[in-house]
>>> print(open('entry_21.pdb').read())   # PDB, C-alpha atoms
ATOM      1  CA  MET A 181      18.482  28.300 -40.887
ATOM      2  CA  ALA A 182      15.286  26.251 -40.690
ATOM      3  CA  ALA A 183      13.929  25.208 -37.322
ATOM      4  CA  THR A 184      13.596  21.500 -36.754
ATOM      5  CA  THR A 185      10.718  19.921 -34.967
ATOM      6  CA  ARG A 186      10.865  16.819 -32.876
ATOM      7  CA  GLU A 187       8.158  14.257 -32.792
ATOM      8  CA  LYS A 188       6.565  13.744 -29.438
ATOM      9  CA  PRO A 189       7.053  10.220 -28.086
ATOM     10  CA  ARG A 190       3.992   8.029 -28.447
ATOM     11  CA  GLU A 191       2.026   7.516 -25.314
ATOM     12  CA  GLU A 192       1.276   3.954 -24.352
ATOM     13  CA  ALA A 193      -2.336   2.856 -24.155
ATOM     14  CA  GLY A 194      -4.032   4.004 -20.970
ATOM     15  CA  PRO A 195      -2.785   6.360 -18.298
ATOM     16  CA  LYS A 196       0.429   5.438 -16.538
ATOM     17  CA  PRO A 197       0.173   4.928 -12.792
ATOM     18  CA  LYS A 198       1.960   7.550 -10.751
ATOM     19  CA  SER A 199       3.083   4.983  -8.171
ATOM     20  CA  ARG A 200       6.542   3.471  -8.171
ATOM     21  CA  TYR A 201       5.044   0.162  -7.015
ATOM     22  CA  LEU A 202       1.757  -0.179  -8.882
ATOM     23  CA  THR A 203       1.911  -0.899 -12.596
ATOM     24  CA  GLY A 204      -1.820  -0.952 -13.225
ATOM     25  CA  SER A 205      -1.481  -4.216 -15.135
ATOM     26  CA  PRO A 206      -4.303  -6.768 -14.852
ATOM     27  CA  GLU A 207      -1.763  -9.457 -13.914
ATOM     28  CA  GLN A 208      -0.381  -7.416 -11.025
ATOM     29  CA  GLU A 209      -3.918  -6.605  -9.865
ATOM     30  CA  ARG A 210      -4.789 -10.323  -9.850
ATOM     31  CA  GLN A 211      -1.656 -11.082  -7.833
ATOM     32  CA  LEU A 212      -2.410  -8.271  -5.364
ATOM     33  CA  GLN A 213      -5.922  -9.622  -4.755
ATOM     34  CA  GLU A 214      -4.845 -13.249  -4.438
ATOM     35  CA  GLY A 215      -1.680 -12.790  -2.440
ATOM     36  CA  PHE A 216       1.334 -10.581  -2.613
ATOM     37  CA  VAL A 217       3.831  -9.190  -5.085
ATOM     38  CA  VAL A 218       7.518  -8.772  -4.288
ATOM     39  CA  ALA A 219       8.559  -5.216  -5.129
ATOM     40  CA  ASN A 220      12.108  -5.764  -6.300
ATOM     41  CA  LYS A 221      13.776  -6.759  -9.528
ATOM     42  CA  THR A 222      14.642 -10.302  -8.418
ATOM     43  CA  ARG A 223      11.033 -11.150  -7.492
ATOM     44  CA  ILE A 224      12.357 -13.224  -4.582
ATOM     45  CA  ASN A 225      10.687 -13.052  -1.181
ATOM     46  CA  LYS A 226      13.799 -12.905   0.972
ATOM     47  CA  PRO A 227      14.337 -11.288   4.407
ATOM     48  CA  GLY A 228      13.776  -7.548   4.131
ATOM     49  CA  ALA A 229      11.870  -7.798   0.836
ATOM     50  CA  THR A 230       9.219  -5.159   0.197
ATOM     51  CA  LEU A 231       5.864  -6.828  -0.471
ATOM     52  CA  LEU A 232       2.554  -5.490  -1.801
ATOM     53  CA  THR A 233      -0.963  -6.847  -1.393
ATOM     54  CA  ARG A 234      -4.631  -5.927  -1.395
ATOM     55  CA  ASN A 235      -5.615  -9.265   0.148
ATOM     56  CA  HIS A 236      -7.571  -8.629   3.358
ATOM     57  CA  GLU A 237      -6.581 -11.922   4.990
ATOM     58  CA  ILE A 238      -2.863 -11.270   4.491
ATOM     59  CA  ILE A 239      -3.140  -7.711   5.830
ATOM     60  CA  LYS A 240      -5.181  -8.752   8.869
ATOM     61  CA  ARG A 241      -2.846 -11.674   9.660
ATOM     62  CA  TRP A 242       0.231  -9.399   9.347
ATOM     63  CA  ALA A 243      -1.262  -6.836  11.757
ATOM     64  CA  GLU A 244      -2.528  -9.398  14.269
ATOM     65  CA  GLN A 245       0.845 -11.190  14.370
ATOM     66  CA  ARG A 246       2.276  -7.878  15.601
ATOM     67  CA  GLY A 247      -0.567  -7.123  18.024
ATOM     68  CA  ALA A 248      -1.660  -4.171  15.861
ATOM     69  CA  VAL A 249      -5.279  -3.094  15.528
ATOM     70  CA  PRO A 250      -6.916  -1.089  12.724
ATOM     71  CA  ALA A 251      -7.120   2.616  13.463
ATOM     72  CA  THR A 252      -7.633   6.037  11.967
ATOM     73  CA  VAL A 253      -6.377   9.527  12.791
ATOM     74  CA  PRO A 254      -9.194  11.532  14.415
ATOM     75  CA  GLY A 255     -10.002  14.777  12.644
ATOM     76  CA  THR A 256      -9.028  13.482   9.200
ATOM     77  CA  GLU A 257     -12.428  12.017   8.331
ATOM     78  CA  HIS A 258     -14.449  13.558   5.520
ATOM     79  CA  ASP A 259     -18.044  13.117   4.377
ATOM     80  CA  GLN A 260     -18.653  10.644   7.221
ATOM     81  CA  HIS A 261     -15.836   8.379   5.935
ATOM     82  CA  LEU A 262     -12.697   7.322   7.771
ATOM     83  CA  GLY A 263      -9.725   9.572   7.250
ATOM     84  CA  VAL A 264      -6.065   8.550   7.430
ATOM     85  CA  LEU A 265      -5.712   4.791   7.943
ATOM     86  CA  ARG A 266      -3.146   3.446  10.398
ATOM     87  CA  PHE A 267      -2.359   0.481  12.622
ATOM     88  CA  ASP A 268      -1.990   0.927  16.366
ATOM     89  CA  PHE A 269       0.927  -1.184  17.589
ATOM     90  CA  PRO A 270       1.130  -1.936  21.314
ATOM     91  CA  GLY A 271       3.775   0.115  23.085
ATOM     92  CA  TYR A 272       4.315   2.603  20.256
ATOM     93  CA  GLY A 273       2.375   5.592  21.600
ATOM     94  CA  GLY A 274      -0.735   5.451  19.427
ATOM     95  CA  ARG A 275      -2.663   7.637  21.912
ATOM     96  CA  GLY A 276      -3.778   9.915  19.089
ATOM     97  CA  LEU A 277      -5.310   7.055  17.107
ATOM     98  CA  GLN A 278      -8.924   5.917  17.144
ATOM     99  CA  HIS A 279      -9.520   2.171  16.882
ATOM    100  CA  VAL A 280     -12.033   1.074  14.244
ATOM    101  CA  SER A 281     -13.447  -2.258  13.141
ATOM    102  CA  TRP A 282     -11.764  -4.311  10.460
ATOM    103  CA  GLU A 283     -14.949  -3.931   8.403
ATOM    104  CA  GLU A 284     -14.761  -0.104   8.488
ATOM    105  CA  TRP A 285     -11.011  -0.114   7.887
ATOM    106  CA  PHE A 286     -11.182  -2.431   4.864
ATOM    107  CA  LYS A 287     -14.143  -0.513   3.434
ATOM    108  CA  ALA A 288     -12.032   2.679   3.361
ATOM    109  CA  PHE A 289      -8.982   0.740   2.111
ATOM    110  CA  ASP A 290     -10.958  -0.708  -0.822
ATOM    111  CA  GLU A 291     -12.784   2.535  -1.681
ATOM    112  CA  ARG A 292      -9.415   4.266  -2.065
ATOM    113  CA  HIS A 293      -7.979   1.418  -4.166
ATOM    114  CA  LEU A 294      -4.998   1.215  -1.816
ATOM    115  CA  ALA A 295      -2.222  -1.339  -1.859
ATOM    116  CA  PHE A 296      -0.591  -2.398   1.408
ATOM    117  CA  ILE A 297       3.201  -2.165   1.166
ATOM    118  CA  TYR A 298       4.989  -4.001   3.946
ATOM    119  CA  GLN A 299       7.831  -6.186   5.140
ATOM    120  CA  GLU A 300       7.448  -9.506   6.905
ATOM    121  CA  THR A 301      10.991  -9.339   8.247
ATOM    122  CA  LYS A 302      13.967  -7.026   8.324
ATOM    123  CA  THR A 303      17.093  -8.081   6.403
ATOM    124  CA  ASP A 304      18.394  -9.755   9.583
ATOM    125  CA  GLY A 305      15.267 -11.973   9.695
ATOM    126  CA  THR A 306      13.599 -10.331  12.709
ATOM    127  CA  PRO A 307       9.921  -9.301  12.389
ATOM    128  CA  SER A 308       9.344  -5.911  10.777
ATOM    129  CA  ASN A 309       6.555  -3.425  11.492
ATOM    130  CA  PHE A 310       7.275  -1.461   8.312
ATOM    131  CA  TYR A 311       4.219  -0.621   6.247
ATOM    132  CA  ARG A 312       2.729   2.119   4.143
ATOM    133  CA  PHE A 313      -0.110   2.511   1.673
ATOM    134  CA  ASP A 314       0.098   3.284  -2.001
ATOM    135  CA  SER A 315      -2.439   4.224  -4.619
ATOM    136  CA  PRO A 316      -2.330   4.560  -8.409
ATOM    137  CA  GLU A 317      -3.457   8.172  -7.918
ATOM    138  CA  ARG A 318      -0.604   9.033  -5.546
ATOM    139  CA  GLU A 319       2.141  11.304  -6.845
ATOM    140  CA  GLU A 320       5.645  10.151  -5.938
ATOM    141  CA  ALA A 321       7.788  12.914  -4.485
TER
END
>>> encode(input="entry_21.pdb", output="structure tokens")
Amino acid sequence: MAATTREKPREEAGPKPKSRYLTGSPEQERQLQEGFVVANKTRINKPGATLLTRNHEIIKRWAEQRGAVPATVPGTEHDQHLGVLRFDFPGYGGRGLQHVSWEEWFKAFDERHLAFIYQETKTDGTPSNFYRFDSPEREEA
């Protein structure tokens, strides 16, 4: 009985991003820089929608509307660069966070090619503090 071989599937041009949110497409990158992208199949910005952006003005406005300030986790810095980026929200116990300037924070954000993933509101329409960062280099668990 002869062994059969299967052809390997063709790989698409360029490396695939490892992120579930970031496609790596030039169109998505343009949208992320100019504004935001809705991260759901309907592409509708409705209450509770997950949004993505790299736009500094949108990120800063979102944080300031919630009283949050840019921060980092002390002890996570490396090579004189900021370590883990966070926001310190008033009343949420950010005692372990170190406040930094927006300039420093955005410098680290841009150097790491991060995208800001966030919600404006929860599904019930109340303001949401949900956020996280994503990167094309990040492995999804």
>>> resolve_selection(input="entry_21.pdb", expression="the PyMOL selection byres ((chain A and resi 258-262) around 8)", output="list in words")
Thr252, Thr256, Glu257, Gly263, Val264, Leu265, Glu284, Trp285 and Ala288 of chain A
>>> atom_distance(input="entry_21.pdb", atom1="CA of Gln245 (chain A)", atom2="CA of Ser308 (chain A)")
10.6 Å
>>> atom_distance(input="entry_21.pdb", atom1="CA of Glu207 (chain A)", atom2="CA of Pro227 (chain A)")
24.5 Å
>>> closest_residue(input="entry_21.pdb", among="A:Gln213, A:Thr230, A:Arg246, A:Gly204", to="Thr303 (chain A)", atoms="only C-alpha atoms")
A:Thr230
>>> resolve_selection(input="entry_21.pdb", expression="the PyMOL selection byres ((chain A and resi 296) around 6)", output="short mmCIF file (atom, residue, chain, number, x, y, z; two decimals) with C-alpha atoms, in the coordinates of the input")
data_model
loop_
_atom_site.label_atom_id
_atom_site.label_comp_id
_atom_site.auth_asym_id
_atom_site.auth_seq_id
_atom_site.Cartn_x
_atom_site.Cartn_y
_atom_site.Cartn_z
CA LEU A 232 2.55 -5.49 -1.80
CA THR A 233 -0.96 -6.85 -1.39
CA ALA A 295 -2.22 -1.34 -1.86
CA ILE A 297 3.20 -2.16 1.17
CA PHE A 313 -0.11 2.51 1.67
#
>>> axis_aligned_box(input="entry_21.pdb", around="region 291-296 of chain A", padding_each_side="3 Å", output="JSON")
{"center_x": -6.7, "center_y": 0.9, "center_z": -1.4, "size_x": 18.2, "size_y": 12.7, "size_z": 11.6}
>>> atom_distance(input="entry_21.pdb", atom1="CA of Arg292 (chain A)", atom2="CA of Ala243 (chain A)")
19.5 Å
>>> resolve_selection(input="entry_21.pdb", expression="the PyMOL selection byres ((chain A and resi 278) around 9)", output="ChimeraX atom specification")
/A:250-254,268,274-277,279-280
>>> residues_around(input="entry_21.pdb", residues="Glu214 (chain A)", least_positions_apart="2", cutoff="12 Å", atoms="all atoms listed in the file", output="list in words")
Glu207, Gln208, Glu209, Arg210, Gln211, Leu212, Phe216, Val217, Leu232, Thr233, Arg234, Asn235, His236, Glu237, Ile238 and Ile239 of chain A
>>> residues_around(input="entry_21.pdb", residues="His293 (chain A)", least_positions_apart="6", cutoff="9 Å", atoms="all atoms listed in the file", output="CSV table (one decimal) with C-alpha atoms, keeping the file's coordinate frame")
chain,number,residue,atom,x,y,z
A,234,ARG,CA,-4.6,-5.9,-1.4
A,314,ASP,CA,0.1,3.3,-2.0
A,315,SER,CA,-2.4,4.2,-4.6
A,316,PRO,CA,-2.3,4.6,-8.4
A,317,GLU,CA,-3.5,8.2,-7.9
>>> residues_around(input="entry_21.pdb", residues="Tyr298 (chain A)", least_positions_apart="3", cutoff="6 Å", atoms="all atoms listed in the file", output="PyMOL selection string")
chain A and resi 230-231+310-311
>>> closest_residue(input="entry_21.pdb", among="A:Ser281, A:Leu294, A:Lys287, A:Arg266", to="Asn309 (chain A)", atoms="all atoms listed in the file")
A:Arg266
